[in-house]
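S.K.: Sharing run37.cif (mmCIF, C-alpha atoms and all ligand atoms) below.
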```cif
data_work
loop_
_atom_site.label_atom_id
_atom_site.label_comp_id
_atom_site.auth_asym_id
_atom_site.auth_seq_id
_atom_site.Cartn_x
_atom_site.Cartn_y
_atom_site.Cartn_z
CA MET P 1 0.00 0.00 0.00
CA LYS P 2 1.27 3.45 -0.89
CA GLU P 3 1.05 5.98 1.94
CA HIS P 4 0.41 9.55 0.82
CA VAL P 5 1.58 12.40 3.02
CA ALA P 6 0.12 15.78 4.00
CA LEU P 7 2.82 18.09 5.33
CA VAL P 8 0.94 20.92 7.01
CA TYR P 9 2.48 24.18 8.19
CA GLY P 10 0.61 26.60 10.44
CA ASP P 11 -3.16 26.57 10.82
CA ILE P 12 -5.07 25.59 7.68
CA GLN P 13 -8.13 24.12 9.38
CA GLY P 14 -11.25 25.44 7.65
CA GLY P 15 -9.13 27.93 5.72
CA ALA P 16 -9.77 29.70 2.42
CA SER P 17 -7.14 30.50 -0.23
CA VAL P 18 -4.75 28.08 1.45
CA PRO P 19 -1.40 27.74 -0.39
CA VAL P 20 -1.16 24.08 -1.43
CA ARG P 21 1.33 22.13 -3.46
CA ILE P 22 0.14 18.74 -4.72
CA HIS P 23 3.39 17.02 -5.49
CA SER P 24 3.98 13.69 -7.24
CA GLU P 25 6.78 11.44 -6.07
CA CYS P 26 10.01 11.54 -8.06
CA MET P 27 12.59 9.30 -6.42
CA THR P 28 15.20 9.88 -9.09
CA SER P 29 15.54 13.60 -8.37
CA GLU P 30 14.34 13.81 -4.77
CA VAL P 31 16.43 10.94 -3.39
CA PHE P 32 19.21 10.41 -5.91
CA GLY P 33 19.73 13.97 -7.16
CA SER P 34 18.94 13.47 -10.84
CA LEU P 35 18.95 16.76 -12.77
CA LYS P 36 16.77 15.38 -15.60
CA CYS P 37 13.61 16.99 -14.20
CA ASP P 38 12.50 19.89 -11.99
CA CYS P 39 10.63 17.88 -9.32
CA LYS P 40 13.02 18.27 -6.39
CA GLU P 41 13.47 21.98 -6.97
CA GLN P 42 9.70 22.42 -7.24
CA LEU P 43 9.25 20.59 -3.95
CA ASP P 44 11.89 22.72 -2.24
CA ALA P 45 10.42 25.93 -3.67
CA ALA P 46 6.92 24.93 -2.54
CA LEU P 47 8.09 24.14 1.00
CA ALA P 48 9.84 27.51 1.19
CA GLU P 49 6.80 29.34 -0.16
CA VAL P 50 4.44 27.69 2.34
CA ALA P 51 6.79 28.69 5.17
CA ARG P 52 7.09 32.23 3.81
CA ARG P 53 3.30 32.59 3.70
CA GLY P 54 2.94 31.33 7.28
CA ALA P 55 0.48 28.53 6.57
CA GLY P 56 -0.18 25.96 3.90
CA ALA P 57 0.36 22.36 2.90
CA VAL P 58 2.39 20.14 0.66
CA LEU P 59 0.46 17.01 -0.27
CA TYR P 60 3.00 14.42 -1.33
CA LEU P 61 1.38 11.77 -3.51
CA ARG P 62 3.13 8.46 -4.17
CA GLN P 63 2.53 8.56 -7.91
CA GLU P 64 6.03 7.96 -9.22
CA GLY P 65 6.59 8.63 -12.92
CA ARG P 66 3.25 10.40 -13.40
CA GLY P 67 1.61 7.27 -12.03
CA ILE P 68 3.33 4.63 -14.21
CA GLY P 69 5.73 3.59 -11.44
CA LEU P 70 9.49 3.70 -11.04
CA ALA P 71 10.39 0.69 -13.21
CA ASN P 72 8.35 2.02 -16.13
CA LYS P 73 9.84 5.50 -15.69
CA ILE P 74 13.33 3.99 -15.95
CA ARG P 75 12.22 2.12 -19.10
CA ALA P 76 10.95 5.45 -20.43
CA TYR P 77 14.30 7.07 -19.60
CA ASP P 78 16.00 4.40 -21.70
CA LEU P 79 13.81 5.30 -24.67
CA GLN P 80 14.46 9.00 -24.01
CA SER P 81 18.20 8.34 -24.15
CA GLN P 82 17.56 7.06 -27.69
CA GLY P 83 15.76 10.26 -28.69
CA ALA P 84 12.09 9.93 -27.63
CA ASP P 85 10.57 12.74 -25.60
CA THR P 86 8.69 12.13 -22.34
CA VAL P 87 5.29 11.74 -23.97
CA ASP P 88 6.36 9.46 -26.82
CA ALA P 89 8.43 7.26 -24.50
CA ASN P 90 5.34 6.51 -22.40
CA ARG P 91 3.32 5.77 -25.54
CA MET P 92 5.99 3.45 -26.93
CA LEU P 93 5.62 1.46 -23.71
CA GLY P 94 1.85 1.32 -24.20
CA LEU P 95 1.29 3.54 -21.18
CA PRO P 96 -0.80 6.71 -20.77
CA ASP P 97 0.89 10.13 -20.93
CA ASP P 98 -0.24 10.80 -17.38
CA ALA P 99 -1.84 8.12 -15.18
CA ARG P 100 -2.21 10.15 -12.00
CA GLU P 101 -5.31 10.56 -9.85
CA TYR P 102 -5.98 13.22 -7.26
CA HIS P 103 -8.69 11.64 -5.09
CA ALA P 104 -6.28 11.31 -2.18
CA ALA P 105 -5.43 15.02 -2.36
CA ALA P 106 -9.10 15.98 -2.45
CA ASP P 107 -9.75 13.71 0.56
CA MET P 108 -6.88 15.29 2.51
CA LEU P 109 -8.17 18.81 1.82
CA ALA P 110 -11.67 17.76 2.88
CA HIS P 111 -10.20 16.25 6.04
CA PHE P 112 -8.77 19.65 6.98
CA GLY P 113 -11.97 21.44 6.00
CA VAL P 114 -10.07 23.57 3.49
CA GLN P 115 -12.58 25.71 1.59
CA SER P 116 -10.36 26.83 -1.29
CA VAL P 117 -6.74 26.57 -2.37
CA LEU P 118 -4.08 28.60 -4.07
CA LEU P 119 -2.54 25.79 -6.05
CA MET P 120 1.20 25.80 -6.65
CA THR P 121 1.52 24.31 -10.12
CA ASN P 122 2.25 25.07 -13.76
CA ASN P 123 -0.09 22.32 -14.94
CA PRO P 124 -3.61 23.43 -16.00
CA ALA P 125 -4.73 19.77 -16.14
CA LYS P 126 -4.02 19.48 -12.42
CA VAL P 127 -6.20 22.52 -11.72
CA GLU P 128 -8.99 21.02 -13.83
CA GLY P 129 -8.62 17.57 -12.28
CA LEU P 130 -9.00 18.95 -8.79
CA GLY P 131 -11.96 21.07 -9.80
CA ALA P 132 -13.66 17.93 -11.10
CA LEU P 133 -13.16 16.37 -7.66
CA GLY P 134 -14.89 19.28 -5.94
CA VAL P 135 -11.83 21.24 -4.81
CA THR P 136 -12.17 25.00 -5.25
CA VAL P 137 -8.96 26.26 -6.83
CA ILE P 138 -9.23 29.99 -6.31
CA GLY P 139 -5.87 30.79 -7.85
CA ARG P 140 -2.67 29.32 -9.22
CA LEU P 141 0.87 30.05 -8.07
CA PRO P 142 3.45 29.14 -10.75
CA VAL P 143 6.43 27.10 -9.54
CA ILE P 144 9.15 27.83 -12.06
CA VAL P 145 12.52 26.11 -11.94
CA PRO P 146 15.17 27.44 -14.32
CA PRO P 147 16.25 24.74 -16.77
CA ASN P 148 19.65 23.12 -16.52
CA PRO P 149 21.42 21.39 -19.43
CA PHE P 150 19.89 18.04 -18.44
CA SER P 151 16.29 19.20 -17.87
CA ARG P 152 15.88 21.61 -20.78
CA GLY P 153 14.25 19.09 -23.16
CA TYR P 154 11.98 17.71 -20.45
CA LEU P 155 10.71 21.18 -19.55
CA GLU P 156 10.26 22.08 -23.21
CA THR P 157 8.14 18.94 -23.71
CA LYS P 158 5.98 19.89 -20.72
CA ARG P 159 5.46 23.34 -22.25
CA THR P 160 4.77 22.25 -25.82
CA ARG P 161 3.04 18.86 -25.44
CA MET P 162 1.42 18.95 -22.00
CA ALA P 163 0.32 22.62 -21.96
CA HIS P 164 2.26 23.49 -18.82
CA GLU P 165 2.49 27.22 -18.31
CA LEU P 166 6.24 27.56 -18.45
CA PRO P 167 8.28 30.51 -19.71
CA THR P 168 9.89 30.29 -23.11
CA ARG P 169 13.66 30.41 -23.11
CA GLY P 170 15.03 33.65 -21.69
CA ALA P 171 11.65 35.00 -20.57
CA ALA P 172 11.57 36.70 -17.19
CA SER P 173 9.19 35.35 -14.59
CA ALA P 174 7.82 36.73 -11.34
CA ALA P 175 6.82 33.24 -10.17
CA ILE P 176 8.15 31.34 -7.21
CA THR P 177 11.59 30.27 -8.37
CA ALA P 178 14.00 27.65 -7.16
CA THR P 179 16.65 29.10 -4.89
CA ASP P 180 19.24 26.36 -5.11
CA PRO P 181 22.46 28.31 -5.86
CA VAL P 182 24.03 25.42 -7.78
CA LEU P 183 21.05 25.10 -10.12
CA GLN P 184 20.83 28.85 -10.57
CA ALA P 185 24.51 28.95 -11.46
CA ILE P 186 24.08 26.12 -13.98
CA SER P 187 21.07 27.82 -15.51
CA GLN P 188 22.76 31.23 -15.69
CA GLY P 189 25.81 29.62 -17.29
CA GLU P 190 23.49 28.23 -19.95
CA ALA P 191 21.55 31.44 -20.57
CA GLU P 192 22.49 33.69 -23.41
N1 LIG P 201 6.68 8.98 -17.11
C1 LIG P 201 7.60 9.88 -16.76
N2 LIG P 201 7.43 10.51 -15.60
C2 LIG P 201 8.34 11.43 -15.26
C3 LIG P 201 9.45 11.72 -16.05
N3 LIG P 201 10.18 12.67 -15.43
C4 LIG P 201 9.53 12.95 -14.27
N4 LIG P 201 8.42 12.22 -14.17
C5 LIG P 201 7.40 12.21 -13.11
O1 LIG P 201 6.57 13.33 -13.32
C6 LIG P 201 5.88 13.62 -12.10
C7 LIG P 201 5.81 15.13 -11.97
O2 LIG P 201 5.01 15.57 -13.00
P1 LIG P 201 5.33 16.83 -13.89
O3 LIG P 201 4.69 16.61 -15.24
O4 LIG P 201 6.82 17.11 -13.87
O5 LIG P 201 4.67 18.03 -13.16
P2 LIG P 201 3.16 18.18 -12.67
O6 LIG P 201 3.08 17.63 -11.30
O7 LIG P 201 2.20 17.66 -13.68
O8 LIG P 201 2.98 19.75 -12.70
P3 LIG P 201 3.50 20.82 -11.65
O9 LIG P 201 2.43 20.89 -10.60
O10 LIG P 201 3.62 22.08 -12.42
O11 LIG P 201 4.80 20.30 -11.12
C8 LIG P 201 6.64 12.88 -11.02
O12 LIG P 201 5.83 11.79 -10.60
C9 LIG P 201 7.89 12.37 -11.72
O13 LIG P 201 8.31 11.12 -11.20
C10 LIG P 201 9.62 11.01 -17.27
O14 LIG P 201 10.55 11.23 -18.04
N5 LIG P 201 8.67 10.10 -17.58
ZN ZN P 202 11.18 14.36 -11.43
#
```
Give the structure from the file, written as structure tokens.
Ligand SMILES: Nc1nc2c(ncn2[C@@H]2O[C@H](COP(=O)(O)OP(=O)(O)OP(=O)(O)O)[C@@H](O)[C@H]2O)c(=O)[nH]1
Ligand SMILES: [Zn+2]
M.R.:
Amino acid sequence: MKEHVALVYGDIQGGASVPVRIHSECMTSEVFGSLKCDCKEQLDAALAEVARRGAGAVLYLRQEGRGIGLANKIRAYDLQSQGADTVDANRMLGLPDDAREYHAAADMLAHFGVQSVLLMTNNPAKVEGLGALGVTVIGRLPVIVPPNPFSRGYLETKRTRMAHELPTRGAASAAITATDPVLQAISQGEAE
């Protein structure tokens, strides 16, 4: 059984416009430090933003690899190393682009009596998915991580094929940004 986690900071009981990050597990970046995606930096940025705002929650869902599981994600990485992008790699394996569900997140928010959330995400499908489950998403807070040389293609695929609201290369952003100095240095070294 997968155990999901609600990390709550401050008092959110019965709250409205509660800052919430609904985060999907990514062992490769969060545990092993892979730079192929932005998940760990998004998690860190969300935790910092919740603390800065004084109250909020990070709901950590055990949906590795957008719900296809770790072994399938590693198989997809193998196909990506041969040129496929994230979406096509999943399809070549006969798997959906995104197999995640958000019932657990909706249940957690109901448990705390949260009336509405400010959702920290760049993914409009996540906003819609929660709305369909009865969660009132009153606003969206972008969580932008600057690309590094290893994540650039992955982020570009999210922008162009999965409709994530991410800046085009070089565009300035006033969103929550990752503060990791190493990643910022890598990204600035890449910028031109
Ligand atoms: N199938 C697959 N999953 C991946 C890959 N890289 C990261 N993931 C998973 O993608 C999930 C995160 O989803 P993303 O599409 O990056 O972001 P999101 O949660 O939809 O949107 P945000 O709220 O803006 O972060 C995590 O579960 C990661 O394990 C990959 O190459 N293939
Ligand atoms: Zn990741």
S.K.: Any residue with an atom at most 8 Å from ligand ZN 202 (chain P) counts, using only C-alpha atoms and all ligand atoms. Which are they? Put them as a PyMOL selection string.
M.R.: chain P and resi 25-30+34+36-40+65
S.K.: Could you write out the selected residues, including C-alpha atoms, as a PDB file, in the frame of the given file?
M.R.:
```
ATOM      1  CA  GLU P  25       6.780  11.440  -6.070  1.00  0.00           C
ATOM      2  CA  CYS P  26      10.010  11.540  -8.060  1.00  0.00           C
ATOM      3  CA  MET P  27      12.590   9.300  -6.420  1.00  0.00           C
ATOM      4  CA  THR P  28      15.200   9.880  -9.090  1.00  0.00           C
ATOM      5  CA  SER P  29      15.540  13.600  -8.370  1.00  0.00           C
ATOM      6  CA  GLU P  30      14.340  13.810  -4.770  1.00  0.00           C
ATOM      7  CA  SER P  34      18.940  13.470 -10.840  1.00  0.00           C
ATOM      8  CA  LYS P  36      16.770  15.380 -15.600  1.00  0.00           C
ATOM      9  CA  CYS P  37      13.610  16.990 -14.200  1.00  0.00           C
ATOM     10  CA  ASP P  38      12.500  19.890 -11.990  1.00  0.00           C
ATOM     11  CA  CYS P  39      10.630  17.880  -9.320  1.00  0.00           C
ATOM     12  CA  LYS P  40      13.020  18.270  -6.390  1.00  0.00           C
ATOM     13  CA  GLY P  65       6.590   8.630 -12.920  1.00  0.00           C
TER      14      GLY P  65
END
```
S.K.: Can you pull out every residue with an atom within 7 Å of ligand LIG 201 (chain P)? Use all atoms listed in the file and format it as a PyMOL selection string.
M.R.: chain P and resi 22-27+37-39+42+63-68+73+76-77+86+90+120-123+126+143+158+164
S.K.: Can you list, as a list in words, every protein, DNA or RNA residue that comes within 10 Å of Ala110 in chain P when you count all atoms listed in the file, leaving out same-chain residues fewer than 3 positions away?
M.R.: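 The residues satisfying every condition are Gln13, Gly14, Ala104, Ala105, Ala106, Asp107, Gly113, Val114, Gln115, Gly134 and Val135 of chain P.
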S.K.: Could you write out the selected residues, including C-alpha atoms, as a short mmCIF file (atom, residue, chain, number, x, y, z; two decimals), in the coordinates of the input?
M.R.:
```cif
data_model
loop_
_atom_site.label_atom_id
_atom_site.label_comp_id
_atom_site.auth_asym_id
_atom_site.auth_seq_id
_atom_site.Cartn_x
_atom_site.Cartn_y
_atom_site.Cartn_z
CA GLN P 13 -8.13 24.12 9.38
CA GLY P 14 -11.25 25.44 7.65
CA ALA P 104 -6.28 11.31 -2.18
CA ALA P 105 -5.43 15.02 -2.36
CA ALA P 106 -9.10 15.98 -2.45
CA ASP P 107 -9.75 13.71 0.56
CA GLY P 113 -11.97 21.44 6.00
CA VAL P 114 -10.07 23.57 3.49
CA GLN P 115 -12.58 25.71 1.59
CA GLY P 134 -14.89 19.28 -5.94
CA VAL P 135 -11.83 21.24 -4.81
#
```
S.K.: So which residues are close to (-3.7, 26.8, 8.4), meaning at most 12 Å away in the file's coordinates with only C-alpha atoms counted, and can you show them as a PDB file with C-alpha atoms, in the frame of the given file?
M.R.:
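Full text of result10.pdb as output:
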```
ATOM      1  CA  LEU P   7       2.820  18.090   5.330  1.00  0.00           C
ATOM      2  CA  VAL P   8       0.940  20.920   7.010  1.00  0.00           C
ATOM      3  CA  TYR P   9       2.480  24.180   8.190  1.00  0.00           C
ATOM      4  CA  GLY P  10       0.610  26.600  10.440  1.00  0.00           C
ATOM      5  CA  ASP P  11      -3.160  26.570  10.820  1.00  0.00           C
ATOM      6  CA  ILE P  12      -5.070  25.590   7.680  1.00  0.00           C
ATOM      7  CA  GLN P  13      -8.130  24.120   9.380  1.00  0.00           C
ATOM      8  CA  GLY P  14     -11.250  25.440   7.650  1.00  0.00           C
ATOM      9  CA  GLY P  15      -9.130  27.930   5.720  1.00  0.00           C
ATOM     10  CA  ALA P  16      -9.770  29.700   2.420  1.00  0.00           C
ATOM     11  CA  SER P  17      -7.140  30.500  -0.230  1.00  0.00           C
ATOM     12  CA  VAL P  18      -4.750  28.080   1.450  1.00  0.00           C
ATOM     13  CA  PRO P  19      -1.400  27.740  -0.390  1.00  0.00           C
ATOM     14  CA  VAL P  20      -1.160  24.080  -1.430  1.00  0.00           C
ATOM     15  CA  VAL P  50       4.440  27.690   2.340  1.00  0.00           C
ATOM     16  CA  ALA P  51       6.790  28.690   5.170  1.00  0.00           C
ATOM     17  CA  ARG P  53       3.300  32.590   3.700  1.00  0.00           C
ATOM     18  CA  GLY P  54       2.940  31.330   7.280  1.00  0.00           C
ATOM     19  CA  ALA P  55       0.480  28.530   6.570  1.00  0.00           C
ATOM     20  CA  GLY P  56      -0.180  25.960   3.900  1.00  0.00           C
ATOM     21  CA  ALA P  57       0.360  22.360   2.900  1.00  0.00           C
ATOM     22  CA  VAL P  58       2.390  20.140   0.660  1.00  0.00           C
ATOM     23  CA  LEU P 109      -8.170  18.810   1.820  1.00  0.00           C
ATOM     24  CA  PHE P 112      -8.770  19.650   6.980  1.00  0.00           C
ATOM     25  CA  GLY P 113     -11.970  21.440   6.000  1.00  0.00           C
ATOM     26  CA  VAL P 114     -10.070  23.570   3.490  1.00  0.00           C
ATOM     27  CA  GLN P 115     -12.580  25.710   1.590  1.00  0.00           C
ATOM     28  CA  SER P 116     -10.360  26.830  -1.290  1.00  0.00           C
ATOM     29  CA  VAL P 117      -6.740  26.570  -2.370  1.00  0.00           C
TER      30      VAL P 117
END
```
S.K.: Counting only C-alpha atoms, which residue out of P:Leu119, P:Arg52, P:Gly139, P:Leu93 sits closest to Ala71 in chain P?
M.R.: P:Leu93
